[in-house]
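The structure appears below as structure tokens.
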Amino acid sequence: MKQSILIGIAGGTGSGKTSMAKNIVRDFNPQQVVIIEQDSYYYDLKDIPMDTRNHHNFDHPEAYDFDLMKRQIRDLISGKTVNIPVYDYKTHTRSSEVHRVTGHKIIVLEGIMVLFDPELRDMMDIKIYIQTAPDIRFIRRLTRDIKYRGRTTESVIRQYLETVRPMHDQFIEPTKQYADIIIPEGGHNTVAVDLFKTKVTSLLNHLTK
């Protein structure tokens with residue numbers, strides 16, 4: 001039996017997915033809400049030399065363990081407890097730690113590929129695609145990767161040109177056709193945020209009846 005609602009938030013790198021997720025659920029009970037990053041389900045590259053890891057295509061659907069993701073999301077929706085992987089972006093490996101999640105009524109899954117898999121889409125009550133200008137997205141990614149992921153400017157630019165941009169055009173941008181709504185500028189769009197809060201409240205009320 002369905003115990004939770006699932007919201008999927010997709011969009012290109014740096015589009016504002018995380019801000020949108022946080023702003024939608026901000027006024028709800030923190031004990032009822034969990035935000036899950038799709039990046040938690042990157043495959044562990046511990047058996048690959050570090051130099052090869054740094055040139056790995058992280059923006060291709062095959063970079064993600066969709067089977068594990070779907071299994072854990074399905075379990076969460078039905079009220080079960082799951083141990084979500086913790087990913088280390090600097091080493092491109094899964095940590096020995098896990099994020100234990102259970103008992104949440106609102107599950108937000110955000111990431112560039114969350115609308116790619118048909119089975120995953122079918123689990124979602126709300127599907128959102130964040131549309132943001134490419135130059136803004138690149139600047140955000142550059143800032144984030146240097147500040148939080150130990151990258152150099154040169155490596156970020158190279159990765160963007162070699163894989164991020166072409167993969168966005170091939171795999172990510174086309175998934176917006178599956179969204180219930182396309183929102184410009186993510187969490188900064190206060191009108192969209194307020195509308196979705198109302199929708200989430202309605203779904204919660206229906207869930208508890």
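Residue numbers start at 1 in each chain; chains themselves are named A, B, ... in the order of the structure tokens; ligands are numbered from 1 in the order shown.
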
DSSP on the backbone, then: every residue of stretch 21-206 of chain A marked strand (DSSP E), written as a ChimeraX atom specification. /A:33-37,82-88,93-101,106-110,126-131,181-184

Selection: 10 Å around A:Thr91, only C-alpha atoms, excl. self and same-chain fewer than 4 positions, as a VMD selection string: chain A and resid 44 to 46 50 53 to 54 87 95 149 to 150

Can I get the selected residues back with N, CA and C atoms, as a PDB file, in the first residue's frame?
ATOM      1  N   ASP A  44      29.931   2.729  -7.850  1.00  0.00           N
ATOM      2  CA  ASP A  44      31.211   2.831  -7.147  1.00  0.00           C
ATOM      3  C   ASP A  44      32.340   2.529  -8.134  1.00  0.00           C
ATOM      4  N   LEU A  45      33.289   3.463  -8.276  1.00  0.00           N
ATOM      5  CA  LEU A  45      34.386   3.292  -9.232  1.00  0.00           C
ATOM      6  C   LEU A  45      35.700   2.905  -8.552  1.00  0.00           C
ATOM      7  N   LYS A  46      35.601   2.287  -7.382  1.00  0.00           N
ATOM      8  CA  LYS A  46      36.802   1.976  -6.605  1.00  0.00           C
ATOM      9  C   LYS A  46      37.764   1.040  -7.332  1.00  0.00           C
ATOM     10  N   MET A  50      42.416   6.029 -10.550  1.00  0.00           N
ATOM     11  CA  MET A  50      41.934   7.378 -10.292  1.00  0.00           C
ATOM     12  C   MET A  50      41.938   8.250 -11.543  1.00  0.00           C
ATOM     13  N   ARG A  53      38.962   7.406 -13.494  1.00  0.00           N
ATOM     14  CA  ARG A  53      37.748   7.888 -12.821  1.00  0.00           C
ATOM     15  C   ARG A  53      37.482   9.349 -13.175  1.00  0.00           C
ATOM     16  N   ASN A  54      38.552  10.142 -13.190  1.00  0.00           N
ATOM     17  CA  ASN A  54      38.399  11.578 -13.445  1.00  0.00           C
ATOM     18  C   ASN A  54      37.902  11.871 -14.852  1.00  0.00           C
ATOM     19  N   TYR A  87      27.764   8.948  -1.472  1.00  0.00           N
ATOM     20  CA  TYR A  87      28.773   8.998  -2.535  1.00  0.00           C
ATOM     21  C   TYR A  87      29.824  10.058  -2.252  1.00  0.00           C
ATOM     22  N   SER A  95      30.887   5.655   0.045  1.00  0.00           N
ATOM     23  CA  SER A  95      31.405   5.629   1.405  1.00  0.00           C
ATOM     24  C   SER A  95      30.948   4.362   2.112  1.00  0.00           C
ATOM     25  N   ARG A 149      33.929  20.091  -4.473  1.00  0.00           N
ATOM     26  CA  ARG A 149      34.312  18.767  -4.982  1.00  0.00           C
ATOM     27  C   ARG A 149      35.780  18.664  -5.382  1.00  0.00           C
ATOM     28  N   GLY A 150      36.573  19.656  -4.976  1.00  0.00           N
ATOM     29  CA  GLY A 150      38.011  19.585  -5.169  1.00  0.00           C
ATOM     30  C   GLY A 150      38.477  19.603  -6.604  1.00  0.00           C
TER      31      GLY A 150
END

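With only C-alpha atoms taken into account, the protein and nucleic acid residues at most 10 Å from A:Gly14 (excluding it and anything under 3 positions from it in its own chain) are Gly11, Lys17, Thr18, Ile112, Ile130, Thr132, Ala133, Pro134, Asp135, Ile136, Arg137, Phe138, Ile139, Arg140, Arg141, Leu142, Thr143, Arg144 and Gly186 of chain A.
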
Can you write just those residues out, N, CA and C atoms, as a compact mmCIF listing (two decimals), in the first residue's frame?
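Once everything was written out, this is again-v6.txt:
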# COMPACT_ATOMS: atom_id res chain seq x y z
N GLY A 11 16.33 18.23 -14.40
CA GLY A 11 16.86 19.43 -15.04
C GLY A 11 18.35 19.30 -15.19
N LYS A 17 17.69 22.55 -9.15
CA LYS A 17 16.85 21.44 -8.67
C LYS A 17 16.81 21.37 -7.15
N THR A 18 17.98 21.48 -6.53
CA THR A 18 18.06 21.37 -5.07
C THR A 18 17.32 22.52 -4.40
N ILE A 112 19.64 14.89 -12.45
CA ILE A 112 19.55 15.17 -13.88
C ILE A 112 18.77 14.11 -14.64
N ILE A 130 13.20 21.52 -14.39
CA ILE A 130 13.67 22.90 -14.19
C ILE A 130 14.44 23.35 -15.44
N THR A 132 16.69 26.17 -17.10
CA THR A 132 17.54 27.31 -16.78
C THR A 132 18.56 27.50 -17.90
N ALA A 133 18.88 28.74 -18.20
CA ALA A 133 19.79 29.06 -19.30
C ALA A 133 21.14 28.35 -19.14
N PRO A 134 21.72 27.84 -20.24
CA PRO A 134 22.97 27.08 -20.18
C PRO A 134 24.12 27.84 -19.52
N ASP A 135 24.25 29.14 -19.79
CA ASP A 135 25.37 29.87 -19.21
C ASP A 135 25.25 29.97 -17.69
N ILE A 136 24.03 30.15 -17.20
CA ILE A 136 23.81 30.19 -15.76
C ILE A 136 24.13 28.84 -15.13
N ARG A 137 23.70 27.77 -15.78
CA ARG A 137 23.96 26.43 -15.26
C ARG A 137 25.46 26.14 -15.21
N PHE A 138 26.19 26.54 -16.24
CA PHE A 138 27.63 26.29 -16.26
C PHE A 138 28.34 27.03 -15.14
N ILE A 139 27.99 28.29 -14.94
CA ILE A 139 28.63 29.08 -13.88
C ILE A 139 28.37 28.45 -12.51
N ARG A 140 27.14 28.01 -12.30
CA ARG A 140 26.81 27.37 -11.02
C ARG A 140 27.62 26.09 -10.83
N ARG A 141 27.72 25.29 -11.90
CA ARG A 141 28.47 24.03 -11.80
C ARG A 141 29.95 24.31 -11.54
N LEU A 142 30.51 25.27 -12.23
CA LEU A 142 31.92 25.63 -12.06
C LEU A 142 32.19 26.02 -10.61
N THR A 143 31.34 26.87 -10.07
CA THR A 143 31.50 27.33 -8.68
C THR A 143 31.39 26.17 -7.70
N ARG A 144 30.37 25.32 -7.89
CA ARG A 144 30.13 24.18 -6.99
C ARG A 144 31.28 23.18 -7.02
N GLY A 186 14.01 27.37 -11.41
CA GLY A 186 13.98 26.56 -10.20
C GLY A 186 13.39 27.24 -8.98

Show which residues sit within 7 Å of A:Ala10, as a ChimeraX atom specification. Count only C-alpha atoms, and ignore same-chain residues fewer than 3 positions away. /A:17,110-115,128-130

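Within the 12 Å cut-off around A:Pro166, using only C-alpha atoms and omitting residues fewer than 4 positions from it on the same chain, the listed residues are Gly12, Asn57, Phe58, Asp59, His60, Gln159, Tyr160, Leu161, Glu162, Gln170, Phe171, Ile172 and Glu173 of chain A.
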
Determine the nearest neighbour of A:Met123 from the options A:Tyr41, A:Ser202, A:Ile107, A:Ile36, counting only C-alpha atoms. A:Ile107

Distance in Å - atom CA of A:Gln177 versus atom CA of A:Asp125: 15.8 Å

For A:Ile24, find every residue with an atom within 8 Å (counting only C-alpha atoms), except residues of its own chain fewer than 4 positions away, and show them as a ChimeraX atom specification. /A:20,193-194,196-197

When you draw a straight line from atom CA of A:Arg74 to atom CA of A:Val25, how long is it in Å? 20.4 Å

Residue set, stretch 85-193 of chain A restricted to alpha helix (DSSP H), as a PyMOL selection string: chain A and resi 118-123+134-148+153-159+165-167+190-193

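Distance-wise, atom CA of A:Pro118 and atom CA of A:Tyr178 end up 9.4 Å apart.
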
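The residue set within 7 Å of A:Tyr64, counting only C-alpha atoms and dropping same-chain residues fewer than 3 places from it, reads A:Tyr41, A:Tyr42, A:Tyr43, A:Pro61.
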
Could you save the residues just selected, with C-alpha atoms, as an mmCIF file, in the first residue's frame?
data_model
loop_
_atom_site.group_PDB
_atom_site.id
_atom_site.type_symbol
_atom_site.label_atom_id
_atom_site.label_comp_id
_atom_site.auth_asym_id
_atom_site.auth_seq_id
_atom_site.Cartn_x
_atom_site.Cartn_y
_atom_site.Cartn_z
ATOM 1 C CA TYR A 41 23.246 6.111 -6.850
ATOM 2 C CA TYR A 42 26.369 6.641 -8.933
ATOM 3 C CA TYR A 43 28.179 3.354 -9.401
ATOM 4 C CA PRO A 61 22.356 7.045 -17.832
#

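Proximity ranking of A:Met167, A:Leu203, A:Val33, A:Ile9 relative to A:Ala63 places A:Met167 first, based on only C-alpha atoms.
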
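The nearest approach to A:Asn205 among the residues A:Ile157, A:Ile146, A:Ile106, A:Ala192, with only C-alpha atoms taken into account, belongs to A:Ile106.
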